Amino acid sequence: MKLPKRIILVRHGESKGNLDGSAYTTTPDYKIPLTELGQNQARIAGQNIREIIQQSESGENWKVYFYVSPYERTRSTLREIGKSFNKKRIIGVREECRIREQDFGNFQVEERMKAIKQTREKFGRFFFRFPDGESAADVFDRVSSFLESLWRDIHMNRLQQDESEEEINLVIVSHGLAARVFLMKWFKWTVEQFEHLNNFSNCEVRVMQLGSGGEYSLAVHHSEEELEEWGLSPEMISDQKWRVTATRGDWNEKCSWYLDSFFDHLQYSSSEENNDNDNDNDNGNGEVEVEVEEDSLVQENPLLCS
């Protein structure tokens with residue numbers, strides 16, 4: 001099994017809904033098109049993505065696979081991005097419904113939506129559910145399902161046409177919220193951390209790149225200043241830096257949200273720790289049980305690691 005070199009997340013270009021919120025009152029969300037500026041943004045994004053990939057040590061030995069939301073604005077964005085790639089570079093394209101936009105209901109009355117979004121800010125962006133629509137938590141659930149399918153595609157080598165050493169790059173053309181919860185799921189960020197994340201700009205590109213030890217990190221391609229602008233805390237940035245050289249399957253014990261945020265009040269001495277370990281291994285008959293860790297699944301699936 002060969003892991004993709006990069007997983008590149010792209011938000012769609014500027015849409016008519018971004019320009020004028022009243023567009024949603026007469027046009028279904030999934031049919032909202034790009035503006036002319038949005039089309040230009042998408043073409044530039046395609047050029048930027050190609051440059052990112054070509055800078056790799058693999059030289060010209062690379063290919064790309066696309067996943068795209070079924071909405072008109074994401075499909076149009078992909079069409080413009082695709083103009084930067086020769087057809088021989090593209091392994092395939094898959095329309096993926098689970099990375100669609102958050103459902104805000106059907107036709108949206110502009111003034112009513114403004115009031116609802118103000119309520120969301122008070123309630124919390126992650127758990128607030130739009131009337132007749134979805135919460136970010138709902139989007140998280142379906143994006144998590146997509147992530148598992150994505151992993152199966154990688155594990156079954158469905159994204160590679162042969163056994164060559166070509167570098168594979170995945171490009172996911174989606175929406176701001178779907179992309180943020182994708183990152184949240186992958187890097188195991190908490191709800192509180194999600195609430196501080198800033199949205200993607202139109203056609204903004206964020207690159208998860210494979211580090212030297214087999215972990216994906218945003219810090220391989222992006223600077224610390226960029227991560228700060230996106231709303232990552234110092235602890236989250238430190239974790240991204242750790243991932244650059246971390247061995248796949250390792251656990252970053254310095255991440256406060258993994259343990260300290262829940263159990264920072266607990267104290268123990270080294271002698272207590274040794275006694276606990278002895279008691280854990282004692283089966284009650286004076287015999288010590290030896291536990292065998294099942295590492296194979298964790299080592300194979302990066303979604304279960306770090």
# chains A, B, ... in the order shown; residues from 1 in each chain; ligands from 1
call {"tool": "select_by_dssp", "arguments": {"residues": "stretch 15-103 of chain A", "states": "alpha helix (DSSP H)", "output": "PyMOL selection string"}}
result
chain A and resi 16-19+36-54+72-82
call {"tool": "select_by_dssp", "arguments": {"residues": "stretch 47-130 of chain A", "states": "strand (DSSP E)", "output": "list in words"}}
result
Trp62, Lys63, Val64, Tyr65, Phe66, Tyr67, Val68, Ile90, Ile91, Gly92, Val93, Arg94 and Glu95 of chain A
call {"tool": "residues_around", "arguments": {"residues": "A:Ala179", "least_positions_apart": "3", "cutoff": "9 Å", "atoms": "only C-alpha atoms", "output": "short mmCIF file (atom, residue, chain, number, x, y, z; two decimals) with N, CA and C atoms, in the first residue's frame"}}
result
data_model
loop_
_atom_site.label_atom_id
_atom_site.label_comp_id
_atom_site.auth_asym_id
_atom_site.auth_seq_id
_atom_site.Cartn_x
_atom_site.Cartn_y
_atom_site.Cartn_z
N LEU A 9 -6.98 20.19 0.08
CA LEU A 9 -8.36 20.65 0.25
C LEU A 9 -8.53 22.00 -0.42
N VAL A 10 -9.59 22.14 -1.21
CA VAL A 10 -9.86 23.39 -1.93
C VAL A 10 -11.33 23.77 -1.73
N ARG A 11 -11.56 25.00 -1.33
CA ARG A 11 -12.94 25.50 -1.32
C ARG A 11 -13.27 26.03 -2.71
N ILE A 99 -19.33 15.13 0.86
CA ILE A 99 -18.54 16.34 1.10
C ILE A 99 -19.27 17.58 0.57
N VAL A 143 -18.86 13.41 6.80
CA VAL A 143 -17.48 13.55 6.34
C VAL A 143 -16.62 12.44 6.95
N ILE A 172 -9.39 17.47 -3.07
CA ILE A 172 -10.79 17.42 -2.65
C ILE A 172 -11.38 18.81 -2.80
N VAL A 173 -12.31 18.95 -3.74
CA VAL A 173 -12.94 20.25 -4.02
C VAL A 173 -14.28 20.27 -3.30
N SER A 174 -14.39 21.10 -2.28
CA SER A 174 -15.55 21.03 -1.41
C SER A 174 -15.95 22.42 -0.96
N HIS A 175 -16.42 22.52 0.28
CA HIS A 175 -16.96 23.75 0.85
C HIS A 175 -16.23 24.07 2.16
N GLY A 176 -16.38 25.30 2.62
CA GLY A 176 -15.61 25.74 3.78
C GLY A 176 -15.82 24.89 5.02
N PHE A 182 -13.34 18.08 7.97
CA PHE A 182 -12.42 17.05 7.47
C PHE A 182 -11.11 17.13 8.26
N LEU A 183 -10.58 18.33 8.39
CA LEU A 183 -9.34 18.52 9.16
C LEU A 183 -9.55 18.17 10.62
N MET A 184 -10.70 18.56 11.16
CA MET A 184 -11.02 18.26 12.56
C MET A 184 -11.01 16.76 12.81
N ASN A 199 -12.79 30.22 8.49
CA ASN A 199 -13.22 29.57 7.25
C ASN A 199 -12.17 29.73 6.15
N PHE A 200 -12.21 28.82 5.16
CA PHE A 200 -11.40 28.95 3.97
C PHE A 200 -11.89 30.16 3.17
#
call {"tool": "closest_atom_pairs", "arguments": {"of": "stretch 178-262 of chain A", "to": "stretch 44-62 of chain A", "cutoff": "9 Å", "atoms": "only C-alpha atoms", "output": "Markdown table"}}
result
| residue | atom | partner | partner_atom | distance |
| --- | --- | --- | --- | --- |
| A:Cys203 | CA | A:Ala45 | CA | 6.2 |
| A:Glu204 | CA | A:Ala45 | CA | 7.4 |
| A:Val205 | CA | A:Ala45 | CA | 7.3 |
| A:His221 | CA | A:Ile52 | CA | 8.7 |
call {"tool": "residues_around", "arguments": {"residues": "stretch 114-117 of chain A", "least_positions_apart": "4", "cutoff": "8 Å", "atoms": "only C-alpha atoms", "output": "list in words"}}
result
Glu110, Glu121 and Phe130 of chain A
call {"tool": "write_last_selection", "arguments": {"atoms": "N, CA, C and O atoms", "output": "PDB file, in the first residue's frame"}}
result
ATOM      1  N   GLU A 110     -33.612  35.652   3.090  1.00  0.00           N
ATOM      2  CA  GLU A 110     -32.372  36.321   3.499  1.00  0.00           C
ATOM      3  C   GLU A 110     -32.430  36.885   4.913  1.00  0.00           C
ATOM      4  O   GLU A 110     -31.542  36.624   5.734  1.00  0.00           O
ATOM      5  N   GLU A 121     -24.297  31.985  16.439  1.00  0.00           N
ATOM      6  CA  GLU A 121     -23.105  32.512  17.104  1.00  0.00           C
ATOM      7  C   GLU A 121     -23.248  32.429  18.623  1.00  0.00           C
ATOM      8  O   GLU A 121     -22.274  32.186  19.335  1.00  0.00           O
ATOM      9  N   PHE A 130     -29.539  24.128  11.801  1.00  0.00           N
ATOM     10  CA  PHE A 130     -30.444  25.021  11.088  1.00  0.00           C
ATOM     11  C   PHE A 130     -31.823  24.373  10.954  1.00  0.00           C
ATOM     12  O   PHE A 130     -31.915  23.162  10.740  1.00  0.00           O
TER      13      PHE A 130
END
call {"tool": "residues_around", "arguments": {"residues": "stretch 82-93 of chain A", "least_positions_apart": "2", "cutoff": "9 Å", "atoms": "only C-alpha atoms", "output": "NGL selection string"}}
result
:A and (43-44 or 46-47 or 49-50 or 62-68 or 77-80 or 95 or 159-161 or 168)
call {"tool": "write_last_selection", "arguments": {"atoms": "N, CA and C atoms", "output": "PDB file, in the first residue's frame"}}
result
ATOM      1  N   ARG A  43      -9.304  28.905 -11.802  1.00  0.00           N
ATOM      2  CA  ARG A  43      -8.203  28.673 -12.755  1.00  0.00           C
ATOM      3  C   ARG A  43      -6.857  28.930 -12.084  1.00  0.00           C
ATOM      4  N   ILE A  44      -6.785  29.998 -11.294  1.00  0.00           N
ATOM      5  CA  ILE A  44      -5.536  30.314 -10.580  1.00  0.00           C
ATOM      6  C   ILE A  44      -5.234  29.220  -9.554  1.00  0.00           C
ATOM      7  N   GLY A  46      -5.971  26.098  -9.786  1.00  0.00           N
ATOM      8  CA  GLY A  46      -5.430  24.961 -10.528  1.00  0.00           C
ATOM      9  C   GLY A  46      -3.954  25.129 -10.824  1.00  0.00           C
ATOM     10  N   GLN A  47      -3.574  26.342 -11.211  1.00  0.00           N
ATOM     11  CA  GLN A  47      -2.162  26.615 -11.489  1.00  0.00           C
ATOM     12  C   GLN A  47      -1.324  26.471 -10.216  1.00  0.00           C
ATOM     13  N   ILE A  49      -2.012  24.637  -7.541  1.00  0.00           N
ATOM     14  CA  ILE A  49      -1.934  23.221  -7.148  1.00  0.00           C
ATOM     15  C   ILE A  49      -0.900  22.499  -7.997  1.00  0.00           C
ATOM     16  N   ARG A  50      -0.895  22.769  -9.283  1.00  0.00           N
ATOM     17  CA  ARG A  50       0.082  22.127 -10.164  1.00  0.00           C
ATOM     18  C   ARG A  50       1.510  22.507  -9.762  1.00  0.00           C
ATOM     19  N   TRP A  62       4.358  11.991 -11.249  1.00  0.00           N
ATOM     20  CA  TRP A  62       3.227  12.210 -10.354  1.00  0.00           C
ATOM     21  C   TRP A  62       1.899  12.183 -11.114  1.00  0.00           C
ATOM     22  N   LYS A  63       0.849  11.923 -10.346  1.00  0.00           N
ATOM     23  CA  LYS A  63      -0.509  11.975 -10.894  1.00  0.00           C
ATOM     24  C   LYS A  63      -1.464  12.493  -9.818  1.00  0.00           C
ATOM     25  N   VAL A  64      -2.690  12.792 -10.242  1.00  0.00           N
ATOM     26  CA  VAL A  64      -3.648  13.405  -9.341  1.00  0.00           C
ATOM     27  C   VAL A  64      -5.010  12.716  -9.470  1.00  0.00           C
ATOM     28  N   TYR A  65      -5.718  12.654  -8.332  1.00  0.00           N
ATOM     29  CA  TYR A  65      -7.069  12.096  -8.302  1.00  0.00           C
ATOM     30  C   TYR A  65      -7.963  13.114  -7.605  1.00  0.00           C
ATOM     31  N   PHE A  66      -9.151  13.359  -8.174  1.00  0.00           N
ATOM     32  CA  PHE A  66     -10.051  14.383  -7.651  1.00  0.00           C
ATOM     33  C   PHE A  66     -11.302  13.779  -7.014  1.00  0.00           C
ATOM     34  N   TYR A  67     -11.698  14.371  -5.881  1.00  0.00           N
ATOM     35  CA  TYR A  67     -13.021  14.159  -5.305  1.00  0.00           C
ATOM     36  C   TYR A  67     -13.724  15.516  -5.339  1.00  0.00           C
ATOM     37  N   VAL A  68     -15.017  15.524  -5.679  1.00  0.00           N
ATOM     38  CA  VAL A  68     -15.720  16.800  -5.804  1.00  0.00           C
ATOM     39  C   VAL A  68     -17.142  16.694  -5.255  1.00  0.00           C
ATOM     40  N   THR A  77     -15.839  24.748 -10.260  1.00  0.00           N
ATOM     41  CA  THR A  77     -14.483  25.009  -9.763  1.00  0.00           C
ATOM     42  C   THR A  77     -13.531  23.923 -10.243  1.00  0.00           C
ATOM     43  N   LEU A  78     -13.956  22.671 -10.170  1.00  0.00           N
ATOM     44  CA  LEU A  78     -13.105  21.573 -10.624  1.00  0.00           C
ATOM     45  C   LEU A  78     -12.828  21.664 -12.117  1.00  0.00           C
ATOM     46  N   ARG A  79     -13.834  22.032 -12.892  1.00  0.00           N
ATOM     47  CA  ARG A  79     -13.619  22.152 -14.342  1.00  0.00           C
ATOM     48  C   ARG A  79     -12.527  23.179 -14.646  1.00  0.00           C
ATOM     49  N   GLU A  80     -12.527  24.283 -13.907  1.00  0.00           N
ATOM     50  CA  GLU A  80     -11.509  25.313 -14.128  1.00  0.00           C
ATOM     51  C   GLU A  80     -10.150  24.850 -13.609  1.00  0.00           C
ATOM     52  N   GLU A  95     -17.435  12.100  -8.007  1.00  0.00           N
ATOM     53  CA  GLU A  95     -18.380  12.989  -7.338  1.00  0.00           C
ATOM     54  C   GLU A  95     -18.771  12.341  -6.021  1.00  0.00           C
ATOM     55  N   LEU A 159      -6.603   3.873  -6.121  1.00  0.00           N
ATOM     56  CA  LEU A 159      -6.193   5.155  -6.687  1.00  0.00           C
ATOM     57  C   LEU A 159      -4.932   5.043  -7.529  1.00  0.00           C
ATOM     58  N   GLN A 160      -4.390   3.848  -7.624  1.00  0.00           N
ATOM     59  CA  GLN A 160      -3.196   3.625  -8.433  1.00  0.00           C
ATOM     60  C   GLN A 160      -3.525   2.694  -9.591  1.00  0.00           C
ATOM     61  N   GLN A 161      -3.080   3.070 -10.768  1.00  0.00           N
ATOM     62  CA  GLN A 161      -3.397   2.299 -11.959  1.00  0.00           C
ATOM     63  C   GLN A 161      -2.485   1.091 -12.126  1.00  0.00           C
ATOM     64  N   ILE A 168       1.158   9.994  -5.864  1.00  0.00           N
ATOM     65  CA  ILE A 168      -0.270  10.256  -5.972  1.00  0.00           C
ATOM     66  C   ILE A 168      -0.643  11.466  -5.121  1.00  0.00           C
TER      67      ILE A 168
END
call {"tool": "closest_atom_pairs", "arguments": {"of": "stretch 76-168 of chain A", "to": "stretch 14-34 of chain A", "cutoff": "6 Å", "atoms": "only C-alpha atoms", "output": "tab-separated table"}}
result
residue	atom	partner	partner_atom	distance
A:Phe107	CA	A:Thr25	CA	5.1
A:Gln108	CA	A:Thr25	CA	4.8
A:Val109	CA	A:Thr25	CA	5.3
A:Glu110	CA	A:Ser22	CA	5.5
call {"tool": "write_last_selection", "arguments": {"atoms": "all heavy atoms", "output": "mmCIF file, in the first residue's frame"}}
result
data_model
loop_
_atom_site.group_PDB
_atom_site.id
_atom_site.type_symbol
_atom_site.label_atom_id
_atom_site.label_comp_id
_atom_site.auth_asym_id
_atom_site.auth_seq_id
_atom_site.Cartn_x
_atom_site.Cartn_y
_atom_site.Cartn_z
ATOM 1 N N PHE A 107 -35.291 26.660 0.187
ATOM 2 C CA PHE A 107 -35.120 28.061 -0.193
ATOM 3 C C PHE A 107 -34.951 28.901 1.068
ATOM 4 O O PHE A 107 -35.682 28.740 2.050
ATOM 5 C CB PHE A 107 -36.331 28.547 -1.001
ATOM 6 C CG PHE A 107 -36.426 27.901 -2.362
ATOM 7 C CD1 PHE A 107 -37.381 26.938 -2.608
ATOM 8 C CD2 PHE A 107 -35.554 28.253 -3.383
ATOM 9 C CE1 PHE A 107 -37.471 26.325 -3.852
ATOM 10 C CE2 PHE A 107 -35.633 27.648 -4.627
ATOM 11 C CZ PHE A 107 -36.593 26.680 -4.860
ATOM 12 N N GLN A 108 -33.994 29.823 1.038
ATOM 13 C CA GLN A 108 -33.614 30.566 2.237
ATOM 14 C C GLN A 108 -34.053 32.026 2.133
ATOM 15 O O GLN A 108 -33.675 32.719 1.180
ATOM 16 C CB GLN A 108 -32.092 30.496 2.436
ATOM 17 C CG GLN A 108 -31.552 29.077 2.532
ATOM 18 C CD GLN A 108 -30.040 29.023 2.415
ATOM 19 O OE1 GLN A 108 -29.349 29.977 2.769
ATOM 20 N NE2 GLN A 108 -29.529 27.916 1.907
ATOM 21 N N VAL A 109 -34.845 32.465 3.097
ATOM 22 C CA VAL A 109 -35.251 33.865 3.159
ATOM 23 C C VAL A 109 -34.113 34.653 3.807
ATOM 24 O O VAL A 109 -33.701 34.354 4.933
ATOM 25 C CB VAL A 109 -36.556 34.030 3.964
ATOM 26 C CG1 VAL A 109 -36.954 35.507 4.033
ATOM 27 C CG2 VAL A 109 -37.671 33.199 3.337
ATOM 28 N N GLU A 110 -33.612 35.652 3.090
ATOM 29 C CA GLU A 110 -32.372 36.321 3.499
ATOM 30 C C GLU A 110 -32.430 36.885 4.913
ATOM 31 O O GLU A 110 -31.542 36.624 5.734
ATOM 32 C CB GLU A 110 -32.044 37.434 2.500
ATOM 33 C CG GLU A 110 -30.694 38.093 2.772
ATOM 34 C CD GLU A 110 -30.341 39.126 1.715
ATOM 35 O OE1 GLU A 110 -31.215 39.486 0.909
ATOM 36 O OE2 GLU A 110 -29.183 39.578 1.717
#
call {"tool": "closest_residue", "arguments": {"among": "A:Ser212, A:Thr119, A:Gln240, A:Gln41", "to": "A:Glu224", "atoms": "only C-alpha atoms"}}
result
A:Gln240
call {"tool": "residues_around", "arguments": {"residues": "A:Leu177", "least_positions_apart": "5", "cutoff": "8 Å", "atoms": "only C-alpha atoms", "output": "ChimeraX atom specification"}}
result
/A:101-102,136,199
call {"tool": "write_last_selection", "arguments": {"atoms": "C-alpha atoms", "output": "PDB file, in the first residue's frame"}}
result
ATOM      1  CA  GLU A 101     -22.261  21.930   1.638  1.00  0.00           C
ATOM      2  CA  GLN A 102     -23.931  22.081   5.028  1.00  0.00           C
ATOM      3  CA  ALA A 136     -21.771  21.108  11.754  1.00  0.00           C
ATOM      4  CA  ASN A 199     -13.221  29.574   7.253  1.00  0.00           C
TER       5      ASN A 199
END
call {"tool": "atom_distance", "arguments": {"atom1": "atom CA of A:Phe127", "atom2": "atom CA of A:Leu232"}}
result
19.8 Å
call {"tool": "atom_distance", "arguments": {"atom1": "atom CA of A:Lys122", "atom2": "atom CA of A:His196"}}
result
13.8 Å
